[in-house]
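J.: mmCIF, C-alpha atoms, file protein-v7.cif:
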data_upload
#
loop_
_atom_site.label_atom_id
_atom_site.label_comp_id
_atom_site.auth_asym_id
_atom_site.auth_seq_id
_atom_site.Cartn_x
_atom_site.Cartn_y
_atom_site.Cartn_z
CA MET A 1 0.00 0.00 0.00
CA SER A 2 1.32 3.47 -0.83
CA ASP A 3 2.44 6.03 1.72
CA LEU A 4 -0.66 8.05 0.96
CA ALA A 5 -3.01 5.29 2.00
CA LEU A 6 -5.08 6.31 4.96
CA GLN A 7 -4.87 4.00 7.91
CA PRO A 8 -6.03 4.51 11.45
CA THR A 9 -3.03 5.16 13.68
CA GLN A 10 -2.24 3.37 16.89
CA ALA A 11 -3.40 6.53 18.60
CA SER A 12 -6.86 6.33 17.08
CA GLU A 13 -7.17 2.70 18.09
CA ASP A 14 -6.25 3.64 21.63
CA VAL A 15 -8.80 6.41 21.63
CA HIS A 16 -11.51 3.98 20.62
CA ALA A 17 -10.47 1.83 23.53
CA ALA A 18 -10.66 4.86 25.80
CA GLY A 19 -14.20 5.53 24.69
CA HIS A 20 -13.79 8.81 22.78
CA ASP A 21 -15.82 9.67 19.70
CA ASP A 22 -14.67 9.65 16.08
CA HIS A 23 -14.87 13.35 15.36
CA GLY A 24 -12.41 16.19 16.03
CA SER A 25 -8.77 15.95 16.95
CA HIS A 26 -8.22 16.89 20.57
CA ASP A 27 -10.36 17.56 23.56
CA ASP A 28 -9.82 20.21 26.26
CA HIS A 29 -7.52 17.86 28.17
CA GLY A 30 -5.15 17.45 25.23
CA LEU A 31 -6.23 13.91 24.49
CA VAL A 32 -6.30 12.87 20.87
CA HIS A 33 -9.59 11.89 19.27
CA ALA A 34 -9.73 9.60 16.29
CA THR A 35 -10.44 11.13 12.90
CA SER A 36 -11.58 9.27 9.83
CA THR A 37 -8.19 9.93 8.21
CA GLY A 38 -6.05 9.19 11.27
CA LEU A 39 -4.59 12.69 10.85
CA SER A 40 -5.21 15.90 12.74
CA ASN A 41 -8.03 17.73 10.99
CA ASN A 42 -6.60 21.05 12.19
CA LYS A 43 -3.25 20.40 10.53
CA LEU A 44 -4.92 19.06 7.43
CA GLY A 45 -6.98 22.27 7.24
CA MET A 46 -3.94 24.46 7.79
CA TRP A 47 -1.94 22.76 5.02
CA LEU A 48 -4.91 23.06 2.67
CA PHE A 49 -5.16 26.77 3.52
CA LEU A 50 -1.42 27.26 2.91
CA GLY A 51 -1.71 25.44 -0.43
CA SER A 52 -4.47 27.86 -1.44
CA GLU A 53 -2.37 30.82 -0.27
CA CYS A 54 0.28 29.77 -2.82
CA LEU A 55 -2.25 30.66 -5.51
CA LEU A 56 -2.93 34.08 -3.97
CA PHE A 57 0.74 35.05 -3.75
CA GLY A 58 1.51 33.39 -7.08
CA GLY A 59 -0.96 35.78 -8.71
CA LEU A 60 0.49 38.82 -6.96
CA ILE A 61 4.11 37.90 -7.75
CA SER A 62 3.26 37.18 -11.42
CA THR A 63 1.44 40.49 -11.75
CA TYR A 64 4.43 42.31 -10.29
CA MET A 65 6.81 40.50 -12.65
CA LEU A 66 4.64 41.53 -15.58
CA TYR A 67 4.44 45.20 -14.59
CA ARG A 68 7.83 45.85 -12.96
CA GLY A 69 9.08 47.53 -16.14
CA ARG A 70 6.08 49.89 -16.40
CA HIS A 71 7.35 52.98 -14.62
CA SER A 72 8.75 56.45 -15.27
CA ALA A 73 12.45 56.90 -15.98
CA ASN A 74 13.57 57.73 -12.44
CA LEU A 75 11.13 55.75 -10.29
CA GLY A 76 11.86 52.14 -11.20
CA PRO A 77 13.09 49.21 -9.11
CA ASP A 78 16.75 49.93 -9.87
CA GLN A 79 16.44 53.51 -8.65
CA ILE A 80 14.44 53.18 -5.45
CA TYR A 81 15.23 49.80 -3.87
CA ASP A 82 17.59 49.85 -0.92
CA ILE A 83 19.06 46.35 -1.06
CA PRO A 84 21.19 46.53 2.14
CA PHE A 85 18.17 47.71 4.14
CA THR A 86 15.86 45.02 2.71
CA SER A 87 18.57 42.38 3.26
CA VAL A 88 18.60 43.20 6.97
CA SER A 89 14.77 42.98 7.06
CA SER A 90 14.94 39.61 5.31
CA PHE A 91 17.51 38.39 7.82
CA VAL A 92 15.24 39.47 10.70
CA LEU A 93 12.29 37.56 9.23
CA LEU A 94 14.43 34.47 8.59
CA MET A 95 15.60 34.48 12.20
CA SER A 96 11.97 34.78 13.35
CA SER A 97 11.40 31.40 11.70
CA LEU A 98 14.14 29.98 13.91
CA THR A 99 12.58 31.43 17.08
CA MET A 100 9.18 30.12 15.96
CA VAL A 101 10.44 26.57 15.51
CA LEU A 102 12.11 26.81 18.93
CA ALA A 103 8.72 27.86 20.38
CA VAL A 104 7.15 24.77 18.78
CA THR A 105 9.79 22.42 20.20
CA SER A 106 9.42 24.09 23.64
CA ALA A 107 5.66 23.52 23.46
CA GLN A 108 6.21 19.88 22.58
CA ARG A 109 8.52 19.55 25.60
CA ARG A 110 5.85 21.30 27.70
CA ASP A 111 8.31 24.03 28.65
CA GLU A 112 5.79 26.88 28.88
CA ARG A 113 8.23 29.54 30.02
CA ARG A 114 10.51 29.08 27.02
CA MET A 115 7.55 28.67 24.71
CA ASN A 116 6.15 32.06 25.75
CA LEU A 117 9.60 33.61 25.49
CA TRP A 118 10.23 32.33 21.96
CA LEU A 119 6.73 33.29 20.83
CA THR A 120 7.24 36.83 22.16
CA ILE A 121 10.66 37.12 20.48
CA THR A 122 9.13 35.88 17.22
CA ALA A 123 6.40 38.52 17.46
CA LEU A 124 9.02 41.23 18.16
CA LEU A 125 11.12 40.16 15.17
CA GLY A 126 7.96 40.19 13.04
CA ALA A 127 7.12 43.68 14.31
CA THR A 128 10.65 44.81 13.43
CA PHE A 129 10.14 43.51 9.91
CA VAL A 130 6.78 45.27 9.55
CA GLY A 131 8.33 48.46 10.97
CA GLY A 132 11.02 48.22 8.29
CA GLN A 133 8.37 47.79 5.65
CA VAL A 134 6.48 50.86 6.86
CA TYR A 135 9.74 52.84 6.77
CA GLU A 136 10.43 51.57 3.24
CA PHE A 137 6.93 52.46 2.01
CA THR A 138 7.18 55.94 3.54
CA SER A 139 10.59 56.48 1.99
CA PHE A 140 9.36 55.38 -1.47
CA TYR A 141 6.31 57.61 -1.16
CA HIS A 142 8.49 60.64 -0.36
CA GLU A 143 10.61 59.83 -3.40
CA GLY A 144 7.44 60.10 -5.49
CA LEU A 145 6.30 56.50 -5.86
CA GLY A 146 2.63 56.41 -4.84
CA PHE A 147 0.17 53.54 -5.20
CA THR A 148 -1.23 55.00 -8.44
CA THR A 149 1.98 56.53 -9.82
CA SER A 150 2.65 53.62 -12.16
CA LEU A 151 1.76 49.98 -12.76
CA PHE A 152 5.08 49.11 -11.14
CA GLY A 153 4.10 51.07 -8.00
CA SER A 154 0.61 49.53 -7.83
CA SER A 155 1.84 45.96 -8.23
CA PHE A 156 4.77 46.50 -5.83
CA TYR A 157 2.65 47.98 -3.03
CA THR A 158 -0.10 45.37 -3.52
CA LEU A 159 2.33 42.44 -3.34
CA THR A 160 4.48 43.63 -0.44
CA GLY A 161 1.45 45.16 1.31
CA PHE A 162 -0.43 41.85 1.23
CA HIS A 163 2.63 40.15 2.62
CA GLY A 164 2.93 42.78 5.34
CA VAL A 165 -0.72 42.23 6.30
CA HIS A 166 -0.02 38.50 6.59
CA VAL A 167 2.95 39.20 8.88
CA THR A 168 0.78 41.53 10.98
CA VAL A 169 -1.93 38.86 11.29
CA GLY A 170 0.81 36.43 12.34
CA ILE A 171 2.02 38.84 15.04
CA ILE A 172 -1.55 39.16 16.36
CA MET A 173 -1.87 35.36 16.41
CA LEU A 174 1.43 35.02 18.29
CA MET A 175 0.57 37.62 20.92
CA ALA A 176 -2.93 36.18 21.31
CA LEU A 177 -1.38 32.75 21.80
CA VAL A 178 0.92 34.07 24.54
CA GLY A 179 -1.98 35.87 26.24
CA ILE A 180 -4.37 32.91 26.05
CA ASN A 181 -1.66 30.50 27.18
CA LYS A 182 -0.86 32.62 30.26
CA ARG A 183 -4.50 32.32 31.25
CA GLY A 184 -4.37 28.58 30.59
CA ARG A 185 -7.19 28.72 28.10
CA ILE A 186 -5.67 27.08 25.02
CA PRO A 187 -8.14 24.36 24.07
CA GLY A 188 -7.01 20.88 23.07
CA ASP A 189 -3.43 19.97 22.36
CA ARG A 190 -1.34 23.07 23.18
CA ALA A 191 1.67 21.90 21.15
CA GLU A 192 -0.49 21.44 18.08
CA VAL A 193 -2.01 24.91 18.41
CA VAL A 194 1.50 26.42 18.58
CA GLU A 195 2.55 24.27 15.62
CA LEU A 196 -0.41 25.52 13.55
CA VAL A 197 0.50 29.15 14.21
CA GLY A 198 4.10 28.18 13.43
CA LEU A 199 3.10 26.73 10.06
CA TYR A 200 1.41 30.02 9.17
CA TRP A 201 4.46 31.99 10.30
CA HIS A 202 6.90 29.85 8.30
CA PHE A 203 4.67 30.21 5.26
CA VAL A 204 4.90 33.99 5.54
CA ASP A 205 8.68 33.54 5.70
CA ILE A 206 8.90 31.36 2.58
CA ILE A 207 6.79 33.86 0.66
CA TRP A 208 9.28 36.55 1.64
CA ILE A 209 12.14 34.33 0.44
CA LEU A 210 10.49 34.40 -2.99
CA ILE A 211 9.68 38.12 -2.88
CA PHE A 212 13.17 39.10 -1.74
CA THR A 213 14.80 37.32 -4.68
CA LEU A 214 12.23 37.89 -7.43
CA VAL A 215 11.31 41.48 -6.55
CA TYR A 216 14.40 43.01 -4.95
CA LEU A 217 17.47 41.12 -6.15
CA ILE A 218 16.65 40.50 -9.80
CA PRO A 219 17.17 43.77 -11.67
CA SER A 220 14.37 44.97 -13.91
CA MET B 1 -1.13 10.62 35.06
CA SER B 2 -2.12 7.15 33.92
CA ALA B 3 -0.19 5.18 31.35
CA THR B 4 -3.13 5.42 28.97
CA THR B 5 -3.27 9.20 29.25
CA GLU B 6 0.48 9.48 28.69
CA HIS B 7 0.18 7.40 25.54
CA LEU B 8 -2.74 9.44 24.26
CA GLU B 9 -0.99 12.74 24.88
CA ARG B 10 2.11 11.52 23.15
CA ALA B 11 -0.06 10.50 20.24
CA GLY B 12 -1.64 13.93 20.36
CA HIS B 13 1.56 15.39 18.95
CA ASP B 14 1.67 12.70 16.38
CA SER B 15 -0.34 13.15 13.23
CA ASP B 16 1.01 10.19 11.33
CA GLY B 17 2.50 7.87 13.87
CA HIS B 18 6.12 9.12 13.82
CA ASP B 19 6.26 12.67 15.08
CA TYR B 20 8.15 12.60 18.35
CA VAL B 21 10.66 10.08 17.11
CA GLU B 22 11.69 12.33 14.23
CA HIS B 23 12.08 15.62 16.08
CA HIS B 24 15.49 17.21 16.20
CA PRO B 25 17.41 19.00 18.94
CA ASP B 26 17.38 22.81 18.96
CA SER B 27 20.96 22.89 17.65
CA PHE B 28 19.70 21.29 14.41
CA TYR B 29 17.34 24.21 13.79
CA VAL B 30 20.07 26.73 14.66
CA LYS B 31 22.29 25.11 12.00
CA ILE B 32 19.47 25.34 9.44
CA ALA B 33 18.97 29.03 10.32
CA LEU B 34 22.71 29.70 9.97
CA ALA B 35 22.69 28.01 6.55
CA LEU B 36 19.71 30.16 5.54
CA ALA B 37 21.52 33.31 6.68
CA LEU B 38 24.64 32.30 4.73
CA LEU B 39 22.61 31.61 1.59
CA THR B 40 20.91 35.01 1.94
CA GLY B 41 24.31 36.65 2.30
CA LEU B 42 25.47 34.82 -0.82
CA GLU B 43 22.37 36.00 -2.72
CA VAL B 44 23.01 39.62 -1.78
CA THR B 45 26.71 39.31 -2.66
CA LEU B 46 25.80 38.00 -6.11
CA THR B 47 23.94 41.24 -6.87
CA TYR B 48 27.18 43.21 -6.37
CA VAL B 49 29.50 41.04 -8.47
CA ASP B 50 29.34 40.47 -12.19
CA ILE B 51 29.06 36.76 -12.98
CA GLY B 52 27.34 37.22 -16.31
CA ALA B 53 24.79 34.69 -17.49
CA LEU B 54 25.17 32.60 -14.34
CA PHE B 55 23.59 35.32 -12.19
CA LEU B 56 19.90 34.51 -12.73
CA PRO B 57 20.09 30.68 -12.57
CA LEU B 58 22.31 30.85 -9.49
CA LEU B 59 20.03 33.33 -7.72
CA LEU B 60 16.92 31.28 -8.50
CA THR B 61 18.64 28.08 -7.34
CA LEU B 62 19.58 29.68 -4.03
CA MET B 63 16.00 30.92 -3.63
CA VAL B 64 14.58 27.44 -4.24
CA ILE B 65 17.07 25.85 -1.80
CA LYS B 66 16.09 28.36 0.93
CA PHE B 67 12.40 27.84 0.22
CA PHE B 68 12.61 24.07 0.61
CA MET B 69 14.90 24.23 3.63
CA VAL B 70 12.19 26.12 5.51
CA VAL B 71 9.38 23.93 4.18
CA LEU B 72 11.10 20.61 4.83
CA PHE B 73 12.79 21.31 8.17
CA PHE B 74 11.12 24.27 9.91
CA MET B 75 7.63 23.25 8.77
CA HIS B 76 8.52 19.56 9.32
CA LEU B 77 7.05 18.55 5.97
CA LYS B 78 9.91 16.11 5.45
CA PHE B 79 8.94 14.21 8.59
CA ASP B 80 5.18 14.66 8.56
CA SER B 81 2.36 12.86 6.79
CA LYS B 82 2.55 12.57 3.02
CA TRP B 83 -1.00 13.93 2.93
CA PHE B 84 0.20 17.31 4.18
CA SER B 85 2.87 17.32 1.47
CA PHE B 86 0.26 16.38 -1.10
CA LEU B 87 -2.03 19.29 -0.12
CA PHE B 88 0.76 21.86 -0.04
CA TYR B 89 2.58 20.76 -3.18
CA THR B 90 -0.70 20.55 -5.07
CA GLY B 91 -1.37 24.22 -4.31
CA LEU B 92 2.22 25.16 -5.03
CA GLY B 93 2.38 23.18 -8.27
CA LEU B 94 -0.95 24.59 -9.43
CA ALA B 95 0.23 28.14 -8.68
CA VAL B 96 3.55 27.67 -10.49
CA GLY B 97 1.85 26.06 -13.52
CA VAL B 98 -0.99 28.56 -13.79
CA TYR B 99 1.19 31.64 -13.40
CA LEU B 100 3.97 30.41 -15.69
CA ALA B 101 1.25 29.94 -18.32
CA PHE B 102 -0.12 33.38 -17.46
CA LEU B 103 3.29 35.02 -17.89
CA ALA B 104 3.93 33.10 -21.11
CA THR B 105 0.57 34.31 -22.46
CA PHE B 106 1.71 37.89 -21.93
CA ARG B 107 5.05 37.12 -23.62
CA PHE B 108 6.96 37.81 -20.42
CA PHE B 109 9.74 35.35 -21.19
CA MET B 110 10.23 36.69 -24.72
CA SER B 111 10.67 40.30 -23.64
CA SER B 112 13.09 39.61 -20.77
#
Please rewrite the model in this file as structure tokens.
T.:
Amino acid sequence: MSDLALQPTQASEDVHAAGHDDHGSHDDHGLVHATSTGLSNNKLGMWLFLGSECLLFGGLISTYMLYRGRHSANLGPDQIYDIPFTSVSSFVLLMSSLTMVLAVTSAQRRDERRMNLWLTITALLGATFVGGQVYEFTSFYHEGLGFTTSLFGSSFYTLTGFHGVHVTVGIIMLMALVGINKRGRIPGDRAEVVELVGLYWHFVDIIWILIFTLVYLIPS
Amino acid sequence: MSATTEHLERAGHDSDGHDYVEHHPDSFYVKIALALALLTGLEVTLTYVDIGALFLPLLLTLMVIKFFMVVLFFMHLKFDSKWFSFLFYTGLGLAVGVYLAFLATFRFFMSS
């Protein structure tokens, strides 16, 4: 049978023995419930969502690639991008992926103190990145590149703005997670909840890996 | 905590029967992050040196390597259920296919 074949896991068999129902993944005590696939429905849903997000950002990146040459003589990518500054921002976001994965491993080890610490550091690194993006947008605007100045400007602000909104949503999720965890109100399997937020955060990071190279480093 | 509960909670972290066994120490993730930082540094350096026709393929290769390092190791896709890989790569493959066709339709590759 192939790797993709769905089989009930040992865990699901144990759950049946323990008398839990067949629906949902985890209860409020962190115990696993059997699912028809043997997989966590929450993780399955998150991966499906991330797969669909590829289509959203694929469209935005393609549109930018198509229109990056449509600008006035002195307000194109080669004139306004500040590569050293964006490189530092990219480094900050990359390192936030490290702190996020450390938060996930801390959650799996049930080390709440470190988990909260790493989640907070991740949120701070994310906020630093968004702050850098706000600075960059302001700087470009003062140089004359508005949202409607050119097709290049519209596609650039739409792409990087959408990404920035995703990072901001991630920061809100991280801080909410820390706050809810401190009150002991995370439902179900705490490690899985942290992992789900982590998956979203890493996705935002991989999208930036693409944007950094395709938008900033490749000259128009 | 009973033995049954311990087993169930351990399984709670396990979406395909082999989660805890495959997890790495923190130092592993630090090494991955260092490699990512180095690759980013290399990418930026490439933009300041003239390597001719090799520039674009090299830059795109580095980008793809970084992308999959995060997906496979930080997002644990390498160690997780094949179903998660299937869902993600389906979306990714669809996006790449659709938008390459879209760009080709607008003669993007001919003009660049």
J.: I need the chain A residues near chain B as a PyMOL selection string; criterion: at most 7 Å, counting all atoms listed in the file.
T.: chain A and resi 3-4+9+11+30-32+39-40+44+47-48+50-52+54-55+58-59+62+66+91+95+98+101-102+189+191-192+199+202+206+209-210+213+217
J.: For atom CA of B:Leu42 and atom CA of A:Ile61, quote the distance in Å rounded to one decimal.
T.: 22.7 Å
J.: Quick one: residues within 12 Å of (2.2, 35.0, 12.5) (file frame), counting all atoms listed in the file, please, as a PyMOL selection string.
T.: chain A and resi 93+96-97+99-100+119-127+129-130+163-177+194-205
J.: Can you measure atom CA of A:Gly132 to atom CA of A:Ser87 for me? One decimal in Å is fine.
T.: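 Calculated distance between atom CA of A:Gly132 and atom CA of A:Ser87 is 10.8 Å.
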J.: Name the residues captured by the PyMOL selection byres ((chain A and resi 145) around 10) when it is applied to the shown file; answer as a PyMOL selection string.
T.: chain A and resi 71-72+74-76+80+137-144+146-150+152-154+157
J.: Between atom CA of A:Thr63 and atom CA of B:Ile51, what is the spacing in Å?
T.: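 Spanning atom CA of B:Ile51 to atom CA of A:Thr63 is a straight-line distance of 27.9 Å.
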